[in-house]
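This is data_27.pdb. It holds PDB, C-alpha atoms, pLDDT in the B column.
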ATOM      1  CA  MET S 165     -61.407 -27.120  17.218  1.00 80.00           C
ATOM      2  CA  THR S 166     -64.855 -26.516  18.640  1.00 89.00           C
ATOM      3  CA  SER S 167     -65.601 -24.408  21.712  1.00 90.00           C
ATOM      4  CA  TRP S 168     -66.184 -27.683  23.562  1.00 92.00           C
ATOM      5  CA  ASP S 169     -62.671 -28.862  22.660  1.00 92.00           C
ATOM      6  CA  GLN S 170     -61.264 -25.555  23.855  1.00 93.00           C
ATOM      7  CA  ALA S 171     -63.094 -25.877  27.186  1.00 94.00           C
ATOM      8  CA  VAL S 172     -61.758 -29.410  27.615  1.00 96.00           C
ATOM      9  CA  MET S 173     -58.235 -28.177  26.866  1.00 97.00           C
ATOM     10  CA  VAL S 174     -58.496 -25.549  29.599  1.00 97.00           C
ATOM     11  CA  LEU S 175     -59.719 -28.128  32.124  1.00 96.00           C
ATOM     12  CA  VAL S 176     -56.957 -30.560  31.138  1.00 96.00           C
ATOM     13  CA  TRP S 177     -54.384 -27.808  31.637  1.00 97.00           C
ATOM     14  CA  MET S 178     -55.821 -27.047  35.090  1.00 97.00           C
ATOM     15  CA  ALA S 179     -56.090 -30.681  36.151  1.00 96.00           C
ATOM     16  CA  LYS S 180     -52.792 -32.001  34.796  1.00 95.00           C
ATOM     17  CA  GLY S 181     -50.555 -28.944  34.594  1.00 93.00           C
ATOM     18  CA  ASP S 182     -49.281 -29.965  31.151  1.00 93.00           C
ATOM     19  CA  THR S 183     -46.973 -27.723  29.195  1.00 93.00           C
ATOM     20  CA  PHE S 184     -48.483 -26.023  26.166  1.00 95.00           C
ATOM     21  CA  ALA S 185     -46.349 -28.266  23.947  1.00 96.00           C
ATOM     22  CA  GLN S 186     -47.887 -31.334  25.589  1.00 96.00           C
ATOM     23  CA  LEU S 187     -51.392 -29.916  25.198  1.00 95.00           C
ATOM     24  CA  ALA S 188     -50.706 -29.099  21.564  1.00 96.00           C
ATOM     25  CA  ALA S 189     -49.525 -32.635  20.840  1.00 96.00           C
ATOM     26  CA  HIS S 190     -52.526 -34.173  22.603  1.00 94.00           C
ATOM     27  CA  PHE S 191     -55.120 -32.007  20.851  1.00 95.00           C
ATOM     28  CA  GLY S 192     -53.373 -31.875  17.489  1.00 95.00           C
ATOM     29  CA  VAL S 193     -52.826 -28.103  17.320  1.00 96.00           C
ATOM     30  CA  ALA S 194     -49.831 -25.768  17.251  1.00 97.00           C
ATOM     31  CA  THR S 195     -48.194 -24.848  20.568  1.00 96.00           C
ATOM     32  CA  ASP S 196     -49.094 -21.172  20.059  1.00 96.00           C
ATOM     33  CA  THR S 197     -52.705 -22.185  19.477  1.00 96.00           C
ATOM     34  CA  ALA S 198     -52.788 -24.207  22.702  1.00 96.00           C
ATOM     35  CA  TRP S 199     -51.365 -21.219  24.602  1.00 95.00           C
ATOM     36  CA  ARG S 200     -53.978 -18.902  23.072  1.00 96.00           C
ATOM     37  CA  TYR S 201     -56.899 -21.244  23.733  1.00 96.00           C
ATOM     38  CA  VAL S 202     -55.959 -21.784  27.390  1.00 97.00           C
ATOM     39  CA  ASN S 203     -55.467 -18.083  28.018  1.00 96.00           C
ATOM     40  CA  GLU S 204     -58.772 -17.225  26.348  1.00 96.00           C
ATOM     41  CA  GLY S 205     -60.471 -19.783  28.581  1.00 96.00           C
ATOM     42  CA  LEU S 206     -58.849 -18.366  31.710  1.00 97.00           C
ATOM     43  CA  ASP S 207     -59.930 -14.854  30.717  1.00 97.00           C
ATOM     44  CA  ALA S 208     -63.522 -16.058  30.362  1.00 96.00           C
ATOM     45  CA  LEU S 209     -63.593 -17.916  33.698  1.00 97.00           C
ATOM     46  CA  ALA S 210     -61.687 -15.536  35.978  1.00 98.00           C
ATOM     47  CA  PRO S 211     -64.483 -12.898  36.234  1.00 97.00           C
ATOM     48  CA  LEU S 212     -66.776 -15.597  37.682  1.00 96.00           C
ATOM     49  CA  ALA S 213     -64.750 -15.670  40.912  1.00 96.00           C
ATOM     50  CA  PRO S 214     -66.474 -13.732  43.743  1.00 95.00           C
ATOM     51  CA  THR S 215     -65.449 -10.139  44.390  1.00 96.00           C
ATOM     52  CA  LEU S 216     -64.593  -9.004  47.907  1.00 96.00           C
ATOM     53  CA  GLU S 217     -67.975  -7.294  48.205  1.00 94.00           C
ATOM     54  CA  GLU S 218     -69.795 -10.470  47.152  1.00 93.00           C
ATOM     55  CA  ALA S 219     -67.756 -12.563  49.574  1.00 91.00           C
ATOM     56  CA  LEU S 220     -68.552 -10.296  52.518  1.00 92.00           C
ATOM     57  CA  ALA S 221     -72.231 -10.192  51.615  1.00 87.00           C
ATOM     58  CA  ALA S 222     -72.297 -13.995  51.765  1.00 78.00           C
ATOM     59  CA  SER S 223     -70.230 -14.316  54.963  1.00 69.00           C
ATOM     60  CA  GLY S 224     -73.191 -15.622  56.960  1.00 63.00           C
ATOM     61  CA  GLU S 225     -75.047 -14.601  60.078  1.00 63.00           C
ATOM     62  CA  GLU S 226     -72.098 -15.110  62.435  1.00 65.00           C
ATOM     63  CA  ARG S 227     -70.068 -12.569  60.453  1.00 77.00           C
ATOM     64  CA  ARG S 228     -66.772 -14.298  61.100  1.00 87.00           C
ATOM     65  CA  LEU S 229     -64.059 -15.083  58.564  1.00 91.00           C
ATOM     66  CA  LEU S 230     -60.480 -16.384  58.420  1.00 91.00           C
ATOM     67  CA  LEU S 231     -57.687 -14.587  56.566  1.00 94.00           C
ATOM     68  CA  ASP S 232     -54.431 -16.078  55.330  1.00 92.00           C
ATOM     69  CA  GLY S 233     -52.063 -16.008  52.393  1.00 93.00           C
ATOM     70  CA  THR S 234     -50.634 -18.779  50.249  1.00 93.00           C
ATOM     71  CA  LEU S 235     -47.787 -19.000  47.741  1.00 94.00           C
ATOM     72  CA  ILE S 236     -48.468 -20.101  44.169  1.00 94.00           C
ATOM     73  CA  PRO S 237     -45.098 -21.433  42.897  1.00 93.00           C
ATOM     74  CA  THR S 238     -44.082 -20.245  39.450  1.00 90.00           C
ATOM     75  CA  CYS S 239     -41.425 -21.250  36.938  1.00 82.00           C
ATOM     76  CA  CYS S 240     -40.859 -17.750  35.555  1.00 65.00           C
ATOM     77  CA  CYS S 241     -38.744 -15.771  38.014  1.00 59.00           C
ATOM     78  CA  ALA S 242     -37.094 -13.113  35.844  1.00 54.00           C
ATOM     79  CA  ALA S 243     -40.314 -11.742  34.358  1.00 52.00           C
ATOM     80  CA  VAL S 244     -40.951  -9.307  37.224  1.00 57.00           C
ATOM     81  CA  ALA S 245     -37.379  -8.587  38.313  1.00 55.00           C
ATOM     82  CA  THR S 246     -36.439  -4.948  38.925  1.00 58.00           C
ATOM     83  CA  GLU S 247     -33.230  -3.093  39.711  1.00 58.00           C
ATOM     84  CA  VAL S 248     -34.491  -2.453  43.233  1.00 62.00           C
ATOM     85  CA  ASN S 249     -35.407  -6.090  43.814  1.00 67.00           C
ATOM     86  CA  PRO S 250     -33.827  -8.529  41.343  1.00 70.00           C
ATOM     87  CA  ASP S 251     -35.626 -11.495  42.943  1.00 83.00           C
ATOM     88  CA  PRO S 252     -39.082 -10.214  44.027  1.00 88.00           C
ATOM     89  CA  LEU S 253     -40.784 -13.570  43.586  1.00 88.00           C
ATOM     90  CA  TYR S 254     -38.717 -15.255  46.289  1.00 89.00           C
ATOM     91  CA  SER S 255     -40.627 -15.824  49.521  1.00 88.00           C
ATOM     92  CA  GLY S 256     -38.432 -16.182  52.582  1.00 86.00           C
ATOM     93  CA  LYS S 257     -41.425 -17.567  54.480  1.00 85.00           C
ATOM     94  CA  HIS S 258     -41.996 -20.390  51.989  1.00 84.00           C
ATOM     95  CA  ARG S 259     -38.395 -20.611  50.721  1.00 87.00           C
ATOM     96  CA  ASP S 260     -39.603 -20.768  47.143  1.00 89.00           C
ATOM     97  CA  HIS S 261     -40.374 -18.523  44.193  1.00 90.00           C
ATOM     98  CA  GLY S 262     -43.973 -17.670  43.478  1.00 93.00           C
ATOM     99  CA  MET S 263     -46.849 -15.267  43.888  1.00 94.00           C
ATOM    100  CA  ASN S 264     -48.527 -14.302  47.173  1.00 96.00           C
ATOM    101  CA  VAL S 265     -52.324 -14.653  47.121  1.00 97.00           C
ATOM    102  CA  GLN S 266     -54.557 -13.650  50.031  1.00 97.00           C
ATOM    103  CA  ALA S 267     -57.668 -15.660  50.870  1.00 95.00           C
ATOM    104  CA  LEU S 268     -60.789 -15.412  53.009  1.00 94.00           C
ATOM    105  CA  THR S 269     -62.641 -18.489  54.224  1.00 91.00           C
ATOM    106  CA  THR S 270     -65.568 -19.202  56.497  1.00 89.00           C
ATOM    107  CA  PRO S 271     -64.929 -20.865  59.894  1.00 85.00           C
ATOM    108  CA  GLU S 272     -66.263 -24.067  58.295  1.00 83.00           C
ATOM    109  CA  GLY S 273     -63.449 -23.988  55.743  1.00 83.00           C
ATOM    110  CA  GLU S 274     -65.222 -22.712  52.620  1.00 88.00           C
ATOM    111  CA  LEU S 275     -63.027 -20.537  50.441  1.00 92.00           C
ATOM    112  CA  ILE S 276     -65.023 -17.421  49.511  1.00 93.00           C
ATOM    113  CA  PHE S 277     -62.464 -14.914  48.201  1.00 96.00           C
ATOM    114  CA  LEU S 278     -59.044 -14.760  46.563  1.00 97.00           C
ATOM    115  CA  GLY S 279     -57.159 -11.498  46.173  1.00 97.00           C
ATOM    116  CA  GLN S 280     -54.723 -10.340  43.527  1.00 97.00           C
ATOM    117  CA  ALA S 281     -51.483 -12.260  43.036  1.00 96.00           C
ATOM    118  CA  ARG S 282     -48.410 -10.316  44.123  1.00 95.00           C
ATOM    119  CA  PRO S 283     -44.673 -11.165  44.130  1.00 93.00           C
ATOM    120  CA  GLY S 284     -43.786 -13.761  46.767  1.00 93.00           C
ATOM    121  CA  SER S 285     -41.614 -11.312  48.693  1.00 92.00           C
ATOM    122  CA  THR S 286     -44.732  -9.247  49.513  1.00 94.00           C
ATOM    123  CA  HIS S 287     -45.605  -9.347  53.217  1.00 94.00           C
ATOM    124  CA  ASP S 288     -49.003 -10.885  53.964  1.00 95.00           C
ATOM    125  CA  LEU S 289     -50.317  -7.782  55.743  1.00 96.00           C
ATOM    126  CA  SER S 290     -49.158  -5.519  52.911  1.00 96.00           C
ATOM    127  CA  ALA S 291     -50.907  -7.771  50.394  1.00 97.00           C
ATOM    128  CA  ALA S 292     -54.110  -7.858  52.465  1.00 97.00           C
ATOM    129  CA  ARG S 293     -54.128  -4.072  52.755  1.00 97.00           C
ATOM    130  CA  ALA S 294     -53.491  -3.682  49.020  1.00 97.00           C
ATOM    131  CA  ASP S 295     -56.454  -5.977  48.292  1.00 98.00           C
ATOM    132  CA  GLY S 296     -58.611  -3.785  50.535  1.00 97.00           C
ATOM    133  CA  ILE S 297     -59.400  -6.733  52.811  1.00 97.00           C
ATOM    134  CA  VAL S 298     -58.532  -5.084  56.138  1.00 97.00           C
ATOM    135  CA  ASP S 299     -60.590  -1.978  55.413  1.00 96.00           C
ATOM    136  CA  ALA S 300     -63.486  -3.963  53.941  1.00 96.00           C
ATOM    137  CA  VAL S 301     -63.934  -6.445  56.810  1.00 95.00           C
ATOM    138  CA  THR S 302     -63.630  -3.607  59.308  1.00 94.00           C
ATOM    139  CA  ALA S 303     -66.208  -1.461  57.534  1.00 93.00           C
ATOM    140  CA  ALA S 304     -68.554  -4.463  57.302  1.00 92.00           C
ATOM    141  CA  GLY S 305     -68.051  -5.346  60.976  1.00 91.00           C
ATOM    142  CA  VAL S 306     -66.836  -8.869  60.143  1.00 92.00           C
ATOM    143  CA  GLU S 307     -64.597 -10.416  62.836  1.00 91.00           C
ATOM    144  CA  THR S 308     -61.620 -11.842  60.940  1.00 92.00           C
ATOM    145  CA  THR S 309     -59.051 -14.219  62.430  1.00 90.00           C
ATOM    146  CA  ALA S 310     -55.479 -14.194  61.101  1.00 91.00           C
ATOM    147  CA  ASP S 311     -52.028 -15.395  62.153  1.00 88.00           C
ATOM    148  CA  SER S 312     -49.176 -13.361  63.623  1.00 86.00           C
ATOM    149  CA  GLY S 313     -48.097 -12.202  60.169  1.00 88.00           C
ATOM    150  CA  TYR S 314     -51.032  -9.779  60.240  1.00 93.00           C
ATOM    151  CA  GLN S 315     -50.241  -8.174  63.588  1.00 89.00           C
ATOM    152  CA  GLY S 316     -50.813  -4.451  63.370  1.00 91.00           C
ATOM    153  CA  ALA S 317     -53.749  -4.811  60.974  1.00 93.00           C
ATOM    154  CA  SER S 318     -56.141  -3.424  63.622  1.00 90.00           C
ATOM    155  CA  GLY S 319     -59.827  -2.941  62.809  1.00 94.00           C
ATOM    156  CA  THR S 320     -61.764  -6.204  63.131  1.00 94.00           C
ATOM    157  CA  VAL S 321     -58.752  -8.402  62.262  1.00 94.00           C
ATOM    158  CA  ARG S 322     -57.835 -10.549  65.291  1.00 89.00           C
ATOM    159  CA  THR S 323     -54.299 -11.927  65.619  1.00 88.00           C
ATOM    160  CA  PRO S 324     -52.442 -13.914  68.324  1.00 83.00           C
ATOM    161  CA  ILE S 325     -51.322 -11.983  71.386  1.00 66.00           C
ATOM    162  CA  LYS S 326     -47.631 -11.146  71.216  1.00 67.00           C
ATOM    163  CA  ARG S 327     -45.393 -12.117  74.090  1.00 62.00           C
ATOM    164  CA  PRO S 328     -44.036  -9.015  75.853  1.00 59.00           C
ATOM    165  CA  ASN S 329     -40.266  -8.693  75.731  1.00 57.00           C
ATOM    166  CA  GLY S 330     -38.739 -10.820  78.451  1.00 49.00           C
ATOM    167  CA  LYS S 331     -42.117 -12.011  79.703  1.00 53.00           C
ATOM    168  CA  GLY S 332     -44.271 -15.066  79.231  1.00 52.00           C
ATOM    169  CA  ARG S 333     -47.950 -15.080  78.335  1.00 51.00           C
ATOM    170  CA  ASN S 334     -50.430 -15.546  81.144  1.00 57.00           C
ATOM    171  CA  GLY S 335     -53.106 -18.241  81.191  1.00 59.00           C
ATOM    172  CA  TRP S 336     -55.882 -16.400  79.400  1.00 51.00           C
ATOM    173  CA  GLU S 337     -53.497 -15.177  76.696  1.00 59.00           C
ATOM    174  CA  LYS S 338     -52.363 -18.743  75.998  1.00 61.00           C
ATOM    175  CA  HIS S 339     -55.987 -19.889  75.918  1.00 56.00           C
ATOM    176  CA  ALA S 340     -56.917 -17.107  73.489  1.00 58.00           C
ATOM    177  CA  ASN S 341     -54.010 -17.939  71.183  1.00 59.00           C
ATOM    178  CA  SER S 342     -54.907 -21.642  71.241  1.00 64.00           C
ATOM    179  CA  ALA S 343     -58.484 -20.799  70.284  1.00 60.00           C
ATOM    180  CA  LEU S 344     -57.275 -18.681  67.370  1.00 62.00           C
ATOM    181  CA  ALA S 345     -54.967 -21.491  66.228  1.00 64.00           C
ATOM    182  CA  ARG S 346     -57.889 -23.948  66.189  1.00 65.00           C
ATOM    183  CA  LEU S 347     -59.936 -21.551  64.086  1.00 64.00           C
ATOM    184  CA  ARG S 348     -57.096 -21.023  61.594  1.00 62.00           C
ATOM    185  CA  ALA S 349     -56.743 -24.775  61.101  1.00 65.00           C
ATOM    186  CA  ALA S 350     -59.875 -24.603  58.942  1.00 63.00           C
ATOM    187  CA  LEU S 351     -57.830 -22.772  56.295  1.00 63.00           C
ATOM    188  CA  GLU S 352     -55.772 -25.847  55.453  1.00 73.00           C
ATOM    189  CA  HIS S 353     -58.626 -27.692  53.724  1.00 80.00           C
ATOM    190  CA  PRO S 354     -59.649 -25.025  51.176  1.00 83.00           C
ATOM    191  CA  PHE S 355     -56.019 -24.350  50.249  1.00 85.00           C
ATOM    192  CA  ALA S 356     -55.419 -28.073  49.806  1.00 86.00           C
ATOM    193  CA  ALA S 357     -58.568 -28.436  47.688  1.00 86.00           C
ATOM    194  CA  LEU S 358     -57.532 -25.550  45.452  1.00 89.00           C
ATOM    195  CA  LYS S 359     -54.026 -26.925  44.994  1.00 88.00           C
ATOM    196  CA  ARG S 360     -55.259 -30.321  43.895  1.00 91.00           C
ATOM    197  CA  TRP S 361     -55.328 -28.707  40.466  1.00 95.00           C
ATOM    198  CA  ARG S 362     -51.910 -29.704  39.143  1.00 95.00           C
ATOM    199  CA  ALA S 363     -51.483 -26.442  37.232  1.00 95.00           C
ATOM    200  CA  LEU S 364     -50.883 -24.789  40.627  1.00 94.00           C
ATOM    201  CA  ASP S 365     -48.042 -27.163  41.527  1.00 93.00           C
ATOM    202  CA  ARG S 366     -45.839 -24.693  39.660  1.00 92.00           C
ATOM    203  CA  LEU S 367     -47.442 -22.317  37.191  1.00 92.00           C
ATOM    204  CA  ARG S 368     -45.935 -22.518  33.710  1.00 88.00           C
ATOM    205  CA  ILE S 369     -47.214 -19.127  32.605  1.00 89.00           C
ATOM    206  CA  SER S 370     -46.103 -15.548  33.144  1.00 89.00           C
ATOM    207  CA  PRO S 371     -46.365 -14.447  36.814  1.00 90.00           C
ATOM    208  CA  ASN S 372     -48.424 -11.523  35.488  1.00 91.00           C
ATOM    209  CA  ARG S 373     -51.126 -14.059  34.573  1.00 94.00           C
ATOM    210  CA  THR S 374     -51.270 -15.676  38.021  1.00 95.00           C
ATOM    211  CA  THR S 375     -54.285 -13.680  39.204  1.00 97.00           C
ATOM    212  CA  THR S 376     -56.286 -14.641  36.115  1.00 97.00           C
ATOM    213  CA  ALA S 377     -55.256 -18.296  36.368  1.00 97.00           C
ATOM    214  CA  ILE S 378     -56.026 -18.752  40.053  1.00 97.00           C
ATOM    215  CA  HIS S 379     -59.319 -16.881  39.855  1.00 97.00           C
ATOM    216  CA  ALA S 380     -60.361 -19.078  36.917  1.00 97.00           C
ATOM    217  CA  ILE S 381     -59.424 -22.231  38.852  1.00 97.00           C
ATOM    218  CA  PHE S 382     -61.265 -20.894  41.907  1.00 96.00           C
ATOM    219  CA  ALA S 383     -64.395 -20.294  39.816  1.00 96.00           C
ATOM    220  CA  VAL S 384     -64.295 -23.848  38.455  1.00 95.00           C
ATOM    221  CA  THR S 385     -63.681 -25.264  41.933  1.00 93.00           C
ATOM    222  CA  ARG S 386     -66.714 -23.429  43.324  1.00 90.00           C
ATOM    223  CA  GLN S 387     -68.892 -24.626  40.464  1.00 88.00           C
ATOM    224  CA  ARG S 388     -67.754 -28.207  40.929  1.00 82.00           C
ATOM    225  CA  SER S 389     -68.447 -28.024  44.691  1.00 76.00           C
ATOM    226  CA  SER S 390     -71.875 -26.552  44.026  1.00 72.00           C
ATOM    227  CA  LEU S 391     -72.740 -29.404  41.656  1.00 67.00           C
ATOM    228  CA  ALA S 392     -71.453 -31.969  44.159  1.00 67.00           C
ATOM    229  CA  ARG S 393     -73.751 -30.563  46.831  1.00 66.00           C
ATOM    230  CA  GLY S 394     -76.645 -31.080  44.450  1.00 61.00           C
TER     231      GLY S 394
END

Rewrite the structure from the file as structure tokens, please.
Amino acid sequence: MTSWDQAVMVLVWMAKGDTFAQLAAHFGVATDTAWRYVNEGLDALAPLAPTLEEALAASGEERRLLLDGTLIPTCCCAAVATEVNPDPLYSGKHRDHGMNVQALTTPEGELIFLGQARPGSTHDLSAARADGIVDAVTAAGVETTADSGYQGASGTVRTPIKRPNGKGRNGWEKHANSALARLRAALEHPFAALKRWRALDRLRISPNRTTTAIHAIFAVTRQRSSLARG
């Protein structure tokens, strides 16, 4: 196979989510060869995804971003099991097995950063801290809107106002929370666009390869969007 054929195989895997056996049959190679070619392609593409520093540098004049996490479903659940947590990939929030990935977008809905993939049981705030997002946006002075799962983040991360025990929110608190909810709605589009790649319906590779796979898909998505804009 030529390098062009290998590139096409990687894109077919992303777009259709085929098993490696299906790819092998379609391209006329061994299953192990299909697995190797796809993984080599992912390794080459993943570094093209923006780093956190690059994302913050390109955050625009308004210096505002949105933060949220998403679950990438995976077929392989036992690969990261431990004695302490025999089912670490299970997310109670999403009621599914997968990997937690944190994301930053602009208020206009452009995805600009994806963090490292962590077991689905990882709390969103813990994942964001581990990625360095909370410290980085605070140090850069970037106002960042997030949902209630990030309460306690402090710094420049803004979350909905909690209702005091036994008390209701007053008018301005409700208004502020509604405004935050409208801002966060912009996150739905970039997540949906990313997950149009069928490979992310349920990853058929080791959970340990999720970060590489999603960063590679993110890099291709950005390039395709850039070409579409002309």

Translate the PyMOL selection byres ((chain S and resi 277-280) around 9) into a concrete residue list for this structure, as a list in words.
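Evaluating the PyMOL selection byres ((chain S and resi 277-280) around 9) on this file yields Ala213, Pro214, Thr215, Leu216, Glu218, Ala219, Leu220, Asn264, Val265, Gln266, Ala267, Leu268, Thr269, Leu275, Ile276, Ala281, Arg282, Ala291, Ala292, Ala294, Asp295, Gly296, Ile297, Thr374, Thr375, Thr376, Ile378, His379 and Phe382 of chain S.
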
List as a short mmCIF file (atom, residue, chain, number, x, y, z; two decimals) with C-alpha atoms, in the frame of the given file the residues having at least one atom at most 12 Å from position (-57.4, -25.6, 45.9) as given in the file, counting only C-alpha atoms.
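The result, written out as result.cif:
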data_model
loop_
_atom_site.label_atom_id
_atom_site.label_comp_id
_atom_site.auth_asym_id
_atom_site.auth_seq_id
_atom_site.Cartn_x
_atom_site.Cartn_y
_atom_site.Cartn_z
CA MET S 178 -55.82 -27.05 35.09
CA ALA S 179 -56.09 -30.68 36.15
CA THR S 234 -50.63 -18.78 50.25
CA LEU S 235 -47.79 -19.00 47.74
CA ILE S 236 -48.47 -20.10 44.17
CA ALA S 267 -57.67 -15.66 50.87
CA GLY S 273 -63.45 -23.99 55.74
CA GLU S 274 -65.22 -22.71 52.62
CA LEU S 275 -63.03 -20.54 50.44
CA ILE S 276 -65.02 -17.42 49.51
CA LEU S 278 -59.04 -14.76 46.56
CA LEU S 351 -57.83 -22.77 56.30
CA GLU S 352 -55.77 -25.85 55.45
CA HIS S 353 -58.63 -27.69 53.72
CA PRO S 354 -59.65 -25.02 51.18
CA PHE S 355 -56.02 -24.35 50.25
CA ALA S 356 -55.42 -28.07 49.81
CA ALA S 357 -58.57 -28.44 47.69
CA LEU S 358 -57.53 -25.55 45.45
CA LYS S 359 -54.03 -26.92 44.99
CA ARG S 360 -55.26 -30.32 43.90
CA TRP S 361 -55.33 -28.71 40.47
CA ARG S 362 -51.91 -29.70 39.14
CA ALA S 363 -51.48 -26.44 37.23
CA LEU S 364 -50.88 -24.79 40.63
CA ASP S 365 -48.04 -27.16 41.53
CA ILE S 378 -56.03 -18.75 40.05
CA HIS S 379 -59.32 -16.88 39.85
CA ALA S 380 -60.36 -19.08 36.92
CA ILE S 381 -59.42 -22.23 38.85
CA PHE S 382 -61.26 -20.89 41.91
CA ALA S 383 -64.40 -20.29 39.82
CA VAL S 384 -64.30 -23.85 38.46
CA THR S 385 -63.68 -25.26 41.93
CA ARG S 386 -66.71 -23.43 43.32
CA ARG S 388 -67.75 -28.21 40.93
CA SER S 389 -68.45 -28.02 44.69
#

For this structure, which residues satisfy the selection - the PyMOL selection byres ((chain S and resi 288) around 7) - when it is evaluated on the file as given? I want them as a list in words.
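Answer for the PyMOL selection byres ((chain S and resi 288) around 7): Gly233, Thr286, His287, Leu289, Ser290, Ala291, Ala292, Gly313 and Tyr314 of chain S.
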
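Considering all atoms listed in the file, the residue among S:Asp232, S:Asp251, S:Asp169, S:Glu217 positioned nearest to Phe191 (chain S) is S:Asp169.
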
To one decimal in Å, tell me the separation between CA of Phe184 (chain S) and CA of Leu367 (chain S).
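Interatomic distance here is 11.7 Å.
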
Applying 10 Å and all atoms listed in the file, which residues near Thr197 (chain S) remain after dropping the ones on its own chain fewer than 5 positions away? List them as a VMD selection string.
chain S and resid 184 to 185 187 to 188 192 202 to 203

Looking at only C-alpha atoms, which of S:Arg228, S:Asp182, S:Tyr254, S:Leu212 is the one that sits closest to Trp199 (chain S)?
S:Asp182

For the file shown, what are the residues hit by the PyMOL selection byres ((chain S and resi 303) around 12), laid out as a ChimeraX atom specification?
/S:217,220,296-302,304-308,318-321

Which residue, S:Val174, S:Arg227, S:Met165, S:Gly181, has the smallest gap to Ala194 (chain S) when you use only C-alpha atoms?
S:Met165

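The two atoms in question, CA of Lys257 (chain S) and CA of Glu272 (chain S), are spaced 26.0 Å apart.
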
Can you measure CA of Pro283 (chain S) to CA of Val176 (chain S) for me? One decimal in Å is fine.
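Between these atoms lies a distance of 26.4 Å.
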
Skipping near chain neighbours, those fewer than 4 positions away, what residues fall within 7 Å of Arg366 (chain S) using only C-alpha atoms, listed as a compact mmCIF listing (two decimals) with C-alpha atoms, in the frame of the given file?
# COMPACT_ATOMS: atom_id res chain seq x y z
CA ILE S 236 -48.47 -20.10 44.17
CA PRO S 237 -45.10 -21.43 42.90
CA THR S 238 -44.08 -20.24 39.45
CA CYS S 239 -41.42 -21.25 36.94

Starting from 8 Å padding per side, set up an axis-aligned box that covers all listed atoms of region 280-289 of chain S and hand over centre and edge lengths in Å, one decimal, as AutoDock Vina command-line options.
--center_x -48.2 --center_y -10.8 --center_z 49.4 --size_x 29.1 --size_y 22.0 --size_z 28.7
